[in-house]
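Text of run_14.json (JSON, C-alpha atoms) as supplied:
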```json
[["chain", "number", "residue", "atom", "x", "y", "z"],
["V", 21, "MET", "CA", 86.35, 80.08, 101.91],
["V", 22, "MET", "CA", 88.18, 79.45, 98.64],
["V", 23, "THR", "CA", 87.43, 76.07, 97.08],
["V", 24, "LYS", "CA", 90.17, 73.74, 95.85],
["V", 25, "PRO", "CA", 89.68, 74.53, 92.13],
["V", 26, "LYS", "CA", 89.81, 78.25, 92.86],
["V", 27, "ARG", "CA", 92.98, 77.80, 94.91],
["V", 28, "SER", "CA", 94.55, 75.89, 92.01],
["V", 29, "ILE", "CA", 93.59, 78.63, 89.56],
["V", 30, "ALA", "CA", 95.00, 81.29, 91.90],
["V", 31, "ARG", "CA", 98.28, 79.38, 92.30],
["V", 32, "ALA", "CA", 98.56, 78.94, 88.54],
["V", 33, "ALA", "CA", 97.97, 82.67, 88.03],
["V", 34, "ASP", "CA", 100.59, 83.49, 90.66],
["V", 35, "ARG", "CA", 103.08, 81.14, 89.02],
["V", 36, "ARG", "CA", 102.41, 82.65, 85.61],
["V", 37, "GLY", "CA", 102.94, 86.14, 87.03],
["V", 38, "ILE", "CA", 106.27, 85.09, 88.54],
["V", 39, "LEU", "CA", 107.42, 83.53, 85.27],
["V", 40, "ILE", "CA", 106.45, 86.63, 83.29],
["V", 41, "GLY", "CA", 108.35, 88.84, 85.72],
["V", 42, "GLN", "CA", 111.45, 86.65, 85.41],
["V", 43, "LEU", "CA", 111.17, 86.54, 81.63],
["V", 44, "GLU", "CA", 110.94, 90.32, 81.50],
["V", 45, "ARG", "CA", 114.13, 90.66, 83.50],
["V", 46, "ILE", "CA", 115.98, 88.21, 81.22],
["V", 47, "PHE", "CA", 114.74, 89.76, 77.99],
["V", 48, "LEU", "CA", 115.44, 93.33, 79.14],
["V", 49, "GLU", "CA", 119.00, 92.35, 80.03],
["V", 50, "GLU", "CA", 119.78, 89.96, 77.16],
["V", 51, "GLY", "CA", 117.19, 90.30, 74.41],
["V", 52, "PHE", "CA", 115.89, 87.05, 72.97],
["V", 53, "ARG", "CA", 117.86, 86.15, 69.83],
["V", 54, "ASP", "CA", 120.61, 84.17, 71.55],
["V", 55, "LEU", "CA", 118.25, 82.33, 73.91],
["V", 56, "THR", "CA", 116.30, 79.14, 73.29],
["V", 57, "VAL", "CA", 113.16, 77.89, 74.97],
["V", 58, "ASP", "CA", 115.34, 75.17, 76.55],
["V", 59, "ASP", "CA", 117.61, 77.90, 77.98],
["V", 60, "LEU", "CA", 114.66, 79.81, 79.39],
["V", 61, "ALA", "CA", 113.03, 76.75, 80.94],
["V", 62, "ALA", "CA", 116.31, 75.75, 82.61],
["V", 63, "ARG", "CA", 116.95, 79.23, 84.00],
["V", 64, "LEU", "CA", 113.37, 79.67, 85.19],
["V", 65, "LYS", "CA", 113.27, 76.14, 86.63],
["V", 66, "CYS", "CA", 110.06, 75.35, 84.81],
["V", 67, "SER", "CA", 108.97, 73.01, 82.04],
["V", 68, "LYS", "CA", 108.95, 74.04, 78.40],
["V", 69, "ARG", "CA", 105.26, 73.21, 78.48],
["V", 70, "SER", "CA", 104.72, 76.01, 81.02],
["V", 71, "LEU", "CA", 106.29, 78.47, 78.60],
["V", 72, "TYR", "CA", 104.42, 77.15, 75.59],
["V", 73, "GLN", "CA", 101.18, 77.56, 77.52],
["V", 74, "MET", "CA", 101.91, 81.28, 77.58],
["V", 75, "ALA", "CA", 103.04, 81.62, 73.96],
["V", 76, "SER", "CA", 103.64, 79.34, 70.99],
["V", 77, "SER", "CA", 107.29, 80.28, 70.39],
["V", 78, "LYS", "CA", 110.27, 82.19, 71.75],
["V", 79, "GLN", "CA", 109.37, 85.13, 69.51],
["V", 80, "GLU", "CA", 105.79, 85.16, 70.78],
["V", 81, "LEU", "CA", 107.08, 85.07, 74.36],
["V", 82, "PHE", "CA", 109.17, 88.13, 73.60],
["V", 83, "LEU", "CA", 106.13, 89.92, 72.17],
["V", 84, "LEU", "CA", 104.09, 88.96, 75.24],
["V", 85, "ILE", "CA", 106.71, 90.44, 77.55],
["V", 86, "LEU", "CA", 107.19, 93.55, 75.40],
["V", 87, "GLU", "CA", 103.44, 94.17, 75.31],
["V", 88, "GLN", "CA", 103.24, 93.92, 79.10],
["V", 89, "PHE", "CA", 106.25, 96.20, 79.48],
["V", 90, "LEU", "CA", 104.79, 98.89, 77.21],
["V", 91, "ASP", "CA", 101.28, 98.57, 78.67],
["V", 92, "ARG", "CA", 102.72, 99.21, 82.13],
["V", 93, "ILE", "CA", 104.50, 102.35, 80.95],
["V", 94, "ARG", "CA", 101.31, 103.73, 79.42],
["V", 95, "HIS", "CA", 99.22, 102.85, 82.47],
["V", 96, "LEU", "CA", 101.67, 104.42, 84.92],
["V", 97, "GLY", "CA", 102.07, 107.50, 82.73],
["V", 98, "ASN", "CA", 98.33, 108.04, 82.37],
["V", 99, "ARG", "CA", 97.80, 107.51, 86.08],
["V", 100, "GLY", "CA", 100.62, 109.90, 86.95],
["V", 101, "ALA", "CA", 99.22, 112.63, 84.68],
["V", 102, "LEU", "CA", 95.81, 112.34, 86.30],
["V", 103, "GLU", "CA", 97.33, 112.98, 89.73],
["V", 104, "HIS", "CA", 98.28, 116.58, 88.82],
["V", 105, "ASP", "CA", 96.47, 119.65, 87.60],
["V", 106, "ASP", "CA", 99.54, 121.75, 86.79],
["V", 107, "PRO", "CA", 100.57, 121.03, 83.16],
["V", 108, "GLU", "CA", 104.29, 121.07, 83.92],
["V", 109, "LEU", "CA", 103.85, 118.51, 86.67],
["V", 110, "ARG", "CA", 101.56, 116.50, 84.38],
["V", 111, "VAL", "CA", 104.24, 116.34, 81.67],
["V", 112, "ALA", "CA", 106.84, 115.16, 84.18],
["V", 113, "ALA", "CA", 104.52, 112.61, 85.78],
["V", 114, "TYR", "CA", 103.37, 111.34, 82.40],
["V", 115, "MET", "CA", 106.84, 110.88, 80.92],
["V", 116, "GLU", "CA", 108.68, 109.68, 84.03],
["V", 117, "PRO", "CA", 107.53, 106.01, 83.97],
["V", 118, "GLY", "CA", 108.94, 105.63, 80.48],
["V", 119, "TYR", "CA", 112.37, 106.75, 81.65],
["V", 120, "LEU", "CA", 112.33, 104.76, 84.88],
["V", 121, "GLU", "CA", 111.15, 101.55, 83.24],
["V", 122, "SER", "CA", 113.44, 101.90, 80.23],
["V", 123, "ARG", "CA", 116.56, 102.28, 82.36],
["V", 124, "ARG", "CA", 116.49, 98.50, 82.67],
["V", 125, "ALA", "CA", 116.53, 98.01, 78.89],
["V", 126, "SER", "CA", 119.89, 96.90, 77.50],
["V", 127, "ARG", "CA", 121.23, 97.69, 74.07],
["V", 128, "ARG", "CA", 120.67, 94.07, 73.10],
["V", 129, "PHE", "CA", 116.98, 94.40, 74.01],
["V", 130, "VAL", "CA", 116.70, 97.48, 71.81],
["V", 131, "GLU", "CA", 118.58, 95.79, 68.96],
["V", 132, "ASP", "CA", 116.26, 92.79, 69.11],
["V", 133, "ILE", "CA", 113.20, 95.02, 68.92],
["V", 134, "ARG", "CA", 114.60, 96.78, 65.86],
["V", 135, "SER", "CA", 115.42, 93.49, 64.11],
["V", 136, "PHE", "CA", 112.01, 91.90, 64.82],
["V", 137, "ARG", "CA", 109.34, 93.60, 62.71],
["V", 138, "ALA", "CA", 106.38, 92.64, 64.92],
["V", 139, "ALA", "CA", 108.17, 94.05, 67.98],
["V", 140, "ALA", "CA", 109.23, 97.21, 66.13],
["V", 141, "LEU", "CA", 105.65, 97.84, 65.02],
["V", 142, "MET", "CA", 104.40, 97.29, 68.58],
["V", 143, "LEU", "CA", 106.91, 99.82, 69.91],
["V", 144, "GLU", "CA", 106.01, 102.32, 67.17],
["V", 145, "SER", "CA", 102.31, 102.05, 68.02],
["V", 146, "HIS", "CA", 103.11, 102.53, 71.71],
["V", 147, "GLN", "CA", 105.22, 105.62, 71.04],
["V", 148, "ARG", "CA", 102.60, 107.25, 68.84],
["V", 149, "GLU", "CA", 99.92, 106.66, 71.45],
["V", 150, "ARG", "CA", 102.16, 108.20, 74.08],
["V", 151, "MET", "CA", 102.93, 111.19, 71.89],
["V", 152, "ALA", "CA", 99.22, 111.80, 71.18],
["V", 153, "THR", "CA", 98.62, 112.12, 74.91],
["V", 154, "LEU", "CA", 101.69, 114.34, 75.29],
["V", 155, "ARG", "CA", 100.22, 116.65, 72.63],
["V", 156, "ASP", "CA", 97.00, 116.88, 74.63],
["V", 157, "ILE", "CA", 98.90, 117.84, 77.78],
["V", 158, "VAL", "CA", 100.99, 120.44, 75.93],
["V", 159, "GLU", "CA", 97.90, 121.97, 74.32],
["V", 160, "ASP", "CA", 96.20, 122.16, 77.70],
["V", 161, "GLY", "CA", 99.24, 123.95, 79.10],
["V", 162, "ILE", "CA", 99.19, 126.43, 76.22],
["V", 163, "ARG", "CA", 95.48, 127.17, 76.66],
["V", 164, "ARG", "CA", 96.02, 127.84, 80.33],
["V", 165, "GLY", "CA", 98.99, 130.11, 79.76],
["V", 166, "LYS", "CA", 101.44, 127.72, 81.46],
["V", 167, "PHE", "CA", 103.45, 126.92, 78.32],
["V", 168, "ARG", "CA", 104.71, 129.06, 75.48],
["V", 169, "LYS", "CA", 102.66, 128.98, 72.31],
["V", 170, "VAL", "CA", 104.53, 126.18, 70.62],
["V", 171, "ASN", "CA", 103.17, 123.76, 68.06],
["V", 172, "SER", "CA", 102.19, 120.68, 70.06],
["V", 173, "PHE", "CA", 102.41, 118.45, 66.98],
["V", 174, "LEU", "CA", 105.98, 119.63, 66.36],
["V", 175, "VAL", "CA", 106.90, 119.01, 70.00],
["V", 176, "ALA", "CA", 105.51, 115.47, 69.94],
["V", 177, "GLU", "CA", 106.96, 114.60, 66.53],
["V", 178, "ALA", "CA", 110.37, 116.00, 67.44],
["V", 179, "TYR", "CA", 110.31, 113.92, 70.58],
["V", 180, "LEU", "CA", 109.24, 110.83, 68.62],
["V", 181, "ALA", "CA", 111.99, 111.38, 66.04],
["V", 182, "THR", "CA", 114.56, 111.65, 68.82],
["V", 183, "ILE", "CA", 113.24, 108.47, 70.40],
["V", 184, "ALA", "CA", 113.75, 106.72, 67.05],
["V", 185, "LYS", "CA", 117.36, 107.91, 67.07],
["V", 186, "ILE", "CA", 117.85, 106.73, 70.64],
["V", 187, "ASP", "CA", 116.57, 103.32, 69.55],
["V", 188, "ASP", "CA", 119.60, 103.06, 67.24],
["V", 189, "PRO", "CA", 122.37, 101.09, 69.04],
["V", 190, "GLU", "CA", 125.03, 102.74, 66.86],
["V", 191, "PHE", "CA", 123.83, 106.18, 67.97],
["V", 192, "LEU", "CA", 123.98, 105.10, 71.62],
["V", 193, "ARG", "CA", 127.48, 103.75, 71.09],
["V", 194, "ARG", "CA", 128.70, 107.00, 69.51],
["V", 195, "ALA", "CA", 126.98, 109.06, 72.20],
["V", 196, "ASP", "CA", 128.40, 106.78, 74.88],
["V", 197, "LEU", "CA", 124.97, 106.51, 76.49],
["V", 198, "GLY", "CA", 122.78, 103.71, 77.73],
["V", 199, "PHE", "CA", 119.17, 103.63, 76.54],
["V", 200, "GLY", "CA", 117.83, 104.80, 79.90],
["V", 201, "GLU", "CA", 120.47, 107.52, 80.19],
["V", 202, "ALA", "CA", 119.56, 108.84, 76.76],
["V", 203, "LEU", "CA", 115.86, 108.95, 77.65],
["V", 204, "THR", "CA", 116.62, 110.83, 80.86],
["V", 205, "ALA", "CA", 118.71, 113.38, 78.96],
["V", 206, "LEU", "CA", 115.95, 113.80, 76.39],
["V", 207, "PHE", "CA", 113.37, 114.45, 79.10],
["V", 208, "ASP", "CA", 115.62, 117.03, 80.72],
["V", 209, "PHE", "CA", 116.02, 118.79, 77.36],
["V", 210, "LEU", "CA", 112.29, 118.62, 76.63],
["V", 211, "ALA", "CA", 111.32, 119.98, 80.03],
["V", 212, "TYR", "CA", 114.00, 122.65, 80.53],
["V", 213, "GLY", "CA", 115.52, 123.41, 77.12],
["V", 214, "LEU", "CA", 119.12, 124.37, 76.46],
["V", 215, "PHE", "CA", 119.53, 128.04, 77.42],
["V", 216, "GLN", "CA", 119.85, 129.22, 81.00],
["V", 217, "ARG", "CA", 117.69, 132.32, 80.79],
["V", 218, "ASP", "CA", 114.19, 133.46, 81.68],
["V", 219, "GLN", "CA", 113.13, 134.15, 78.09],
["V", 220, "PRO", "CA", 114.00, 132.10, 75.00],
["V", 221, "PRO", "CA", 116.31, 133.84, 72.53],
["V", 222, "LYS", "CA", 114.92, 135.17, 69.26],
["V", 223, "PRO", "CA", 115.91, 133.29, 66.12],
["V", 224, "PRO", "CA", 118.25, 134.86, 63.52],
["V", 225, "GLY", "CA", 116.58, 137.89, 61.95],
["V", 226, "GLY", "CA", 115.18, 139.09, 65.28],
["V", 227, "ARG", "CA", 111.70, 137.67, 64.96],
["V", 228, "HIS", "CA", 109.92, 134.42, 65.61],
["V", 229, "ARG", "CA", 108.77, 132.58, 62.55]]
```
structure tokens encoding of this file:
Amino acid sequence: MMTKPKRSIARAADRRGILIGQLERIFLEEGFRDLTVDDLAARLKCSKRSLYQMASSKQELFLLILEQFLDRIRHLGNRGALEHDDPELRVAAYMEPGYLESRRASRRFVEDIRSFRAAALMLESHQRERMATLRDIVEDGIRRGKFRKVNSFLVAEAYLATIAKIDDPEFLRRADLGFGEALTALFDFLAYGLFQRDQPPKPPGGRHR
């Protein structure tokens, strides 16, 4: 039977989890720059003290939520990849959580990450870790004859460079795409390419370089 102190700890943990989930929804939809701790406490129907117990400032709260958001993407991606042996299915399962989770991210959320150095560095570290694992999956597919003999570093870096472009709100505006839509389109291009044919075309000059 759970003792009273343990019940109190469990309730506090549950309450914290609820608050973090609500904060994530708000930040993903609105970013954090135009919000105050007073605003957040009022909307979450909690005391400012409850928020300050989680982080020392609004900016630190944003980092806390961003870290949880990115950790979840990596965890789900790694778990998904482990569920498949076929490299093509592994790529899809590994990348899918990033697209599904990021569909909820607004342009304001992306803008706030770009304008907040600590958040931008956290996102960059996350992306590079993800791309390192993608390289491993691609190399495994090449060794097993499932993928063409492409340079896995080039694949991962090209993907990372495109992600950086997608992070640019001006690019999204010109492309008339939401962040999640752009990620989905990128995955489709990465997985299936551009040409509708069984064999890739040869580059100009008639030979592969």
message: Using only C-alpha atoms and a cutoff of 12 Å, can you tell me which residues are near (121.7, 103.8, 77.9) in the file's coordinates, and write them out as a PyMOL selection string?
response: chain V and resi 49+119-120+122-130+186-206
query: Any idea what's packed within 9 Å of Arg99 (chain V), counting all atoms listed in the file, ignoring anything in its chain fewer than 5 positions away? Could you give it as a list in words?
result: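 The residues satisfying every condition are Arg94, Ala113 and Tyr114 of chain V.
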Take every atom of region 64-76 of chain V listed in the file, pad by 3 Å on each side, and give me the axis-aligned box centre and edge lengths in Å, one decimal, as AutoDock Vina command-line options.
```
--center_x 107.3 --center_y 77.3 --center_z 78.8 --size_x 18.2 --size_y 14.6 --size_z 21.6
```
message: Which residues are near Tyr179 (chain V)? Cut-off 12 Å, all atoms listed in the file, ignore same chain within fewer than 6 positions. Put them as JSON, numbers by chain.
response: {"V": [115, 147, 148, 150, 151, 152, 154, 155, 172, 173, 185, 186, 203, 205, 206, 207, 208, 209, 210, 211]}
message: What's around region 104-111 of chain V at 9 Å? Count only C-alpha atoms, leave out sequence neighbours fewer than 2 positions away in its own chain, and write the answer as a VMD selection string.
response: chain V and resid 100 to 102 113 to 116 154 157 to 158 160 to 162 164 166 to 167 211
